[in-house]
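S.K.: Got a structure here, written out as structure tokens. Questions coming.
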Amino acid sequence: MIFMFLSLQLKASAEGINFFNGTFAEAKAEAAKQHKLIFMDCFTTWCGPCNMMARDIFPRQDVGDYYNAHFVCIKVDMEKGEGLDIAKQFAVHGYPTYLFLDANGMLEHRTLGSRPAATFIEDGKKASDPDRNLLGQIEKFNRGIRDTASLVQLMATSYGIDNKLCERALTAYWNAIPESQIVEKHNWDVFSSYENNMNSKAFQYVAEHKSEFAGYGAETVNNILYGKAAAEIRIAADTKDKVLFDKASAFVKTCKDKEVNVAAGTNTLRYYRKTEQWTDYIGFADSFLAKYGDKQEIYNSVAWEIVSNSDDAKVLNHALDYITRGMKLEKNYGNSDTWANVLYKLKRYKEAEAAAKESIELAKKEKLDYVSTQELLDKIEKEMAGSTGK
């Protein structure tokens, strides 16, 4: 009976990714000792895709079998402890980001976003292959290996990860072909998949010669162009570029596609948040949510942008309204944690305490990490104890 119990324990521990319990420095030492690369899950507690991967993908046996055999795996919260410095060092801005590093902490490969199990395993295989990983492709590009197949491979690897590198590969690609050939299927695929620069010669050519691309469907061509303009709004936000923001916003204004408009709206809110234009943020958020607020995730995102970046009570009260409306659609760990944070910042400690406790219970039910919420609860209880002691 004891033998059977131990066997079950060993089997359970072997399923899924076994994450290293230690610091980044200790993980590097362990990787050197085992002659492995490091796989780092860069996450935040409020990130829905991060939580989905932790719940549904990391515990899978096929995922664990591959990652445990080839990597020292470590999870790092990008908003606390050494995660803050790691996020700066590796320019981690989107979540989840996955870093594949050598034992010295040098980047070999990286990916972004939630992934199906098969894709996630393939990411690991690609990271381990010097001919296919990001570092290997950069080295080939820098050596002047710029045939179109190699450039497309580099775009596919760097897109969304290193947009400047992707743009360099795109520029080299467009320089190798006449503009009149952009309409050809393989070139159109490159344009529709990777081109986001409204000032590029390819974007300008397609926008000015839409009739040549009619074979792909007029609505499809328009929505692809609109989508690229929506992506430029995010770049304008991150660079605080008002000229680009105005240009991209004007371009996308006539779009009727809901998905594109949601992306454009989310990026517009990012611009107002990054430029600290909170009056414009609230005004735009009200109209945006009235039109597209059909999912709790949107309300949570809008509220979290406020609570994590503003201490203004007036602005925070709008965040409370948004998150309350979102929770009416569906209450879960992510939005209840935001709710608790808003109440804490508003100094409504008794309500914040109840919200944090409820959030922790939801995290337990959803089998999610709730360390940051427990830390919030500790701060709330400390504030309440201080108030009582006065």
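How things are named: the first chain in the structure tokens is A, the next is B, and so on; residues count from 1 in each chain; ligands count from 1 in the order shown.
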From the DSSP assignment of the backbone, select every residue of segment 75-190 of chain A that is strand (DSSP E or B), and format the answer as a VMD selection string.
M.R.: chain A and resid 75 to 77 97 to 101 107 to 112
S.K.: Can you build me a table of segment 98-214 of chain A residues sitting at most 10 Å from segment 73-87 of chain A, with the closest atom pair per residue and its distance in Å to one decimal, using only C-alpha atoms, sorted by chain and residue number, as CSV?
M.R.:
```
residue,atom,partner,partner_atom,distance
A:Tyr98,CA,A:Lys75,CA,9.6
A:Leu99,CA,A:Ile74,CA,9.9
A:Phe100,CA,A:Cys73,CA,9.4
```
S.K.: Compile the contact shell of Ser150 of chain A as a PyMOL selection string: residues with an atom at most 10 Å away, counting only C-alpha atoms, same-chain residues fewer than 4 positions apart removed.
M.R.: chain A and resi 137+140-141+145-146+154-156+169+173
S.K.: List the neighbours of segment 46-55 of chain A out to 8 Å using only C-alpha atoms; skip same-chain residues closer than 4 positions along the sequence, and give me the result as a list in words.
M.R.: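 What passes the distance filter is Pro59, Tyr95, Pro96, Gly113, Ser114, Arg115, Gly334, Asn335, Asp337, Thr338, Glu366, Lys367 and Leu368 of chain A.
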S.K.: Which is closest to Ala250 of chain A among A:Asp378, A:Ala230, A:Glu195, A:Ala263, if we use only C-alpha atoms?
M.R.: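 Residue with the minimum atom-to-atom distance to Ala250 of chain A: A:Ala230.
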S.K.: Can you pull out the residues contacting Leu329 of chain A? Cut-off 12 Å, using only C-alpha atoms, and skip same-chain residues under 6 positions away; I want them as a ChimeraX atom specification.
M.R.: /A:293-300,322-323,335
S.K.: Could you pull out all residues of segment 21-259 of chain A with a DSSP call of alpha helix (DSSP H) and give them as a ChimeraX atom specification?
M.R.: /A:24-34,48-52,61-70,83-89,117-127,134-142,148-158,163-175,185-194,201-208,218-239,242-252,258-259
S.K.: Near Gly124 of chain A, within 9 Å and counting only C-alpha atoms, which residues show up once chain neighbours fewer than 3 positions away are dropped, as a short mmCIF file (atom, residue, chain, number, x, y, z; two decimals) with all heavy atoms, in the first residue's frame?
M.R.:
```
data_model
loop_
_atom_site.label_atom_id
_atom_site.label_comp_id
_atom_site.auth_asym_id
_atom_site.auth_seq_id
_atom_site.Cartn_x
_atom_site.Cartn_y
_atom_site.Cartn_z
N PHE A 39 14.23 27.61 -19.58
CA PHE A 39 12.93 28.09 -20.06
C PHE A 39 12.34 28.95 -18.95
O PHE A 39 12.17 28.49 -17.82
CB PHE A 39 11.98 26.93 -20.37
CG PHE A 39 10.53 27.37 -20.45
CD1 PHE A 39 10.09 28.15 -21.50
CD2 PHE A 39 9.62 27.03 -19.45
CE1 PHE A 39 8.77 28.58 -21.58
CE2 PHE A 39 8.30 27.45 -19.51
CZ PHE A 39 7.88 28.22 -20.58
N TYR A 66 8.69 16.87 -22.45
CA TYR A 66 9.67 17.54 -23.30
C TYR A 66 10.44 18.62 -22.53
O TYR A 66 11.67 18.67 -22.56
CB TYR A 66 9.03 18.16 -24.54
CG TYR A 66 10.09 18.70 -25.47
CD1 TYR A 66 10.75 17.85 -26.36
CD2 TYR A 66 10.51 20.03 -25.40
CE1 TYR A 66 11.78 18.32 -27.17
CE2 TYR A 66 11.54 20.50 -26.20
CZ TYR A 66 12.16 19.64 -27.09
OH TYR A 66 13.20 20.09 -27.86
N TYR A 67 9.71 19.48 -21.83
CA TYR A 67 10.37 20.62 -21.19
C TYR A 67 11.26 20.19 -20.02
O TYR A 67 12.34 20.76 -19.81
CB TYR A 67 9.32 21.64 -20.74
CG TYR A 67 8.98 22.60 -21.87
CD1 TYR A 67 8.17 22.19 -22.94
CD2 TYR A 67 9.48 23.89 -21.90
CE1 TYR A 67 7.88 23.05 -23.99
CE2 TYR A 67 9.20 24.76 -22.95
CZ TYR A 67 8.40 24.33 -23.99
OH TYR A 67 8.13 25.19 -25.04
N HIS A 70 14.60 18.87 -21.43
CA HIS A 70 15.48 19.76 -22.19
C HIS A 70 15.80 21.09 -21.52
O HIS A 70 16.73 21.78 -21.95
CB HIS A 70 14.86 20.04 -23.57
CG HIS A 70 14.80 18.82 -24.45
ND1 HIS A 70 13.75 17.92 -24.40
CD2 HIS A 70 15.66 18.36 -25.38
CE1 HIS A 70 13.97 16.96 -25.27
NE2 HIS A 70 15.12 17.19 -25.87
N PHE A 71 15.05 21.46 -20.49
CA PHE A 71 15.23 22.79 -19.90
C PHE A 71 15.20 22.74 -18.38
O PHE A 71 14.57 21.86 -17.79
CB PHE A 71 14.13 23.76 -20.35
CG PHE A 71 13.97 23.88 -21.84
CD1 PHE A 71 12.92 23.25 -22.49
CD2 PHE A 71 14.87 24.62 -22.59
CE1 PHE A 71 12.76 23.36 -23.87
CE2 PHE A 71 14.73 24.74 -23.96
CZ PHE A 71 13.67 24.11 -24.61
N PHE A 100 13.92 31.69 -23.68
CA PHE A 100 14.78 30.51 -23.70
C PHE A 100 16.22 31.03 -23.66
O PHE A 100 16.67 31.71 -24.59
CB PHE A 100 14.53 29.67 -24.96
CG PHE A 100 13.12 29.14 -25.05
CD1 PHE A 100 12.10 29.90 -25.60
CD2 PHE A 100 12.82 27.86 -24.59
CE1 PHE A 100 10.80 29.41 -25.69
CE2 PHE A 100 11.52 27.35 -24.68
CZ PHE A 100 10.52 28.13 -25.23
N THR A 119 1.95 23.30 -30.30
CA THR A 119 2.74 24.47 -30.69
C THR A 119 3.77 24.81 -29.63
O THR A 119 4.92 25.15 -29.93
CB THR A 119 1.81 25.69 -30.92
OG1 THR A 119 0.83 25.36 -31.89
CG2 THR A 119 2.60 26.90 -31.39
N PHE A 120 3.38 24.69 -28.37
CA PHE A 120 4.27 25.00 -27.26
C PHE A 120 5.46 24.04 -27.23
O PHE A 120 6.60 24.45 -27.00
CB PHE A 120 3.49 24.93 -25.95
CG PHE A 120 4.25 25.39 -24.74
CD1 PHE A 120 4.74 26.69 -24.67
CD2 PHE A 120 4.47 24.53 -23.68
CE1 PHE A 120 5.44 27.12 -23.54
CE2 PHE A 120 5.16 24.96 -22.56
CZ PHE A 120 5.65 26.25 -22.49
N ILE A 121 5.20 22.77 -27.50
CA ILE A 121 6.29 21.80 -27.57
C ILE A 121 7.20 22.10 -28.76
O ILE A 121 8.43 22.04 -28.65
CB ILE A 121 5.72 20.37 -27.66
CG1 ILE A 121 5.04 19.99 -26.34
CG2 ILE A 121 6.83 19.35 -27.98
CD1 ILE A 121 4.25 18.70 -26.39
N ALA A 127 13.59 26.31 -30.12
CA ALA A 127 14.53 27.02 -29.25
C ALA A 127 15.83 26.25 -29.09
O ALA A 127 16.90 26.85 -28.93
CB ALA A 127 13.89 27.26 -27.88
N SER A 128 15.75 24.94 -29.13
CA SER A 128 16.92 24.08 -28.94
C SER A 128 17.72 23.89 -30.22
O SER A 128 18.80 23.29 -30.18
CB SER A 128 16.48 22.71 -28.40
OG SER A 128 15.76 22.85 -27.20
N ASP A 129 17.22 24.37 -31.34
CA ASP A 129 17.85 24.16 -32.65
C ASP A 129 18.54 25.45 -33.11
O ASP A 129 17.86 26.41 -33.46
CB ASP A 129 16.79 23.74 -33.67
CG ASP A 129 17.36 23.39 -35.02
OD1 ASP A 129 18.55 23.69 -35.27
OD2 ASP A 129 16.63 22.82 -35.85
#
```
S.K.: Using atom CA of Ala117 of chain A and atom CA of Arg132 of chain A as the two end points, give the distance in Å to one decimal.
M.R.: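 Interatomic distance here is 19.3 Å.
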S.K.: Between atom CA of Trp188 of chain A and atom CA of Ala202 of chain A, measure the distance and give it in Å to one decimal.
M.R.: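 These two atoms are separated by 9.9 Å.
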S.K.: At a cut-off of 7 Å, using only C-alpha atoms, what residues contact segment 346-361 of chain A? Leave out same-chain residues fewer than 6 positions from it and give the result as number ranges by chain.
M.R.: A: 313, 333, 336-337, 339-340, 370, 373, 377, 380, 384
S.K.: Those residues with N, CA, C and O atoms, as a tab-separated table (two decimals), in the first residue's frame please?
M.R.:
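Result saved to result07.tsv:
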```
chain	number	residue	atom	x	y	z
A	313	ALA	N	-8.37	59.46	-7.09
A	313	ALA	CA	-9.61	58.84	-6.61
A	313	ALA	C	-10.74	58.95	-7.64
A	313	ALA	O	-11.53	58.01	-7.81
A	333	TYR	N	-11.25	34.90	-10.85
A	333	TYR	CA	-10.12	35.35	-10.05
A	333	TYR	C	-9.51	36.64	-10.60
A	333	TYR	O	-9.22	37.56	-9.85
A	336	SER	N	-11.83	39.73	-10.00
A	336	SER	CA	-12.05	39.98	-8.57
A	336	SER	C	-10.77	40.50	-7.91
A	336	SER	O	-10.83	41.31	-6.97
A	337	ASP	N	-9.62	40.09	-8.41
A	337	ASP	CA	-8.35	40.62	-7.92
A	337	ASP	C	-8.24	42.11	-8.28
A	337	ASP	O	-7.81	42.93	-7.45
A	339	TRP	N	-10.75	44.13	-8.74
A	339	TRP	CA	-11.75	44.74	-7.86
A	339	TRP	C	-11.15	45.03	-6.48
A	339	TRP	O	-11.28	46.14	-5.94
A	340	ALA	N	-10.46	44.04	-5.91
A	340	ALA	CA	-9.84	44.22	-4.59
A	340	ALA	C	-8.78	45.31	-4.62
A	340	ALA	O	-8.66	46.12	-3.69
A	370	TYR	N	-2.17	32.65	-6.40
A	370	TYR	CA	-2.79	33.87	-5.86
A	370	TYR	C	-1.84	34.58	-4.88
A	370	TYR	O	-2.27	35.33	-4.00
A	373	THR	N	-2.34	38.33	-4.64
A	373	THR	CA	-3.57	38.70	-3.95
A	373	THR	C	-3.41	38.51	-2.44
A	373	THR	O	-3.93	39.31	-1.66
A	377	LEU	N	-3.85	41.29	0.39
A	377	LEU	CA	-4.64	41.09	1.61
A	377	LEU	C	-3.83	41.43	2.85
A	377	LEU	O	-4.34	42.06	3.79
A	380	ILE	N	-3.74	45.14	3.15
A	380	ILE	CA	-5.04	45.65	3.59
A	380	ILE	C	-5.20	45.47	5.10
A	380	ILE	O	-5.60	46.40	5.82
A	384	MET	N	-5.71	48.19	8.08
A	384	MET	CA	-6.85	48.15	9.01
A	384	MET	C	-6.38	48.10	10.45
A	384	MET	O	-6.95	48.75	11.33
```
S.K.: Which of these, A:Phe90, A:Phe43, A:Phe213, A:Phe191, has the shortest distance to Glu167 of chain A once you count only C-alpha atoms?
M.R.: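 Among A:Phe90, A:Phe43, A:Phe213, A:Phe191, it is A:Phe191 that comes nearest to Glu167 of chain A.
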S.K.: What is the distance, in Å and to one decimal place, between atom CA of Ala27 of chain A and atom CA of Ile57 of chain A?
M.R.: 21.8 Å
S.K.: Using only C-alpha atoms, pick whichever of A:Ile306, A:Ala231, A:Cys255, A:Ala31 has the shortest atom-to-atom distance to Glu219 of chain A.
M.R.: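 Among A:Ile306, A:Ala231, A:Cys255, A:Ala31, it is A:Cys255 that comes nearest to Glu219 of chain A.
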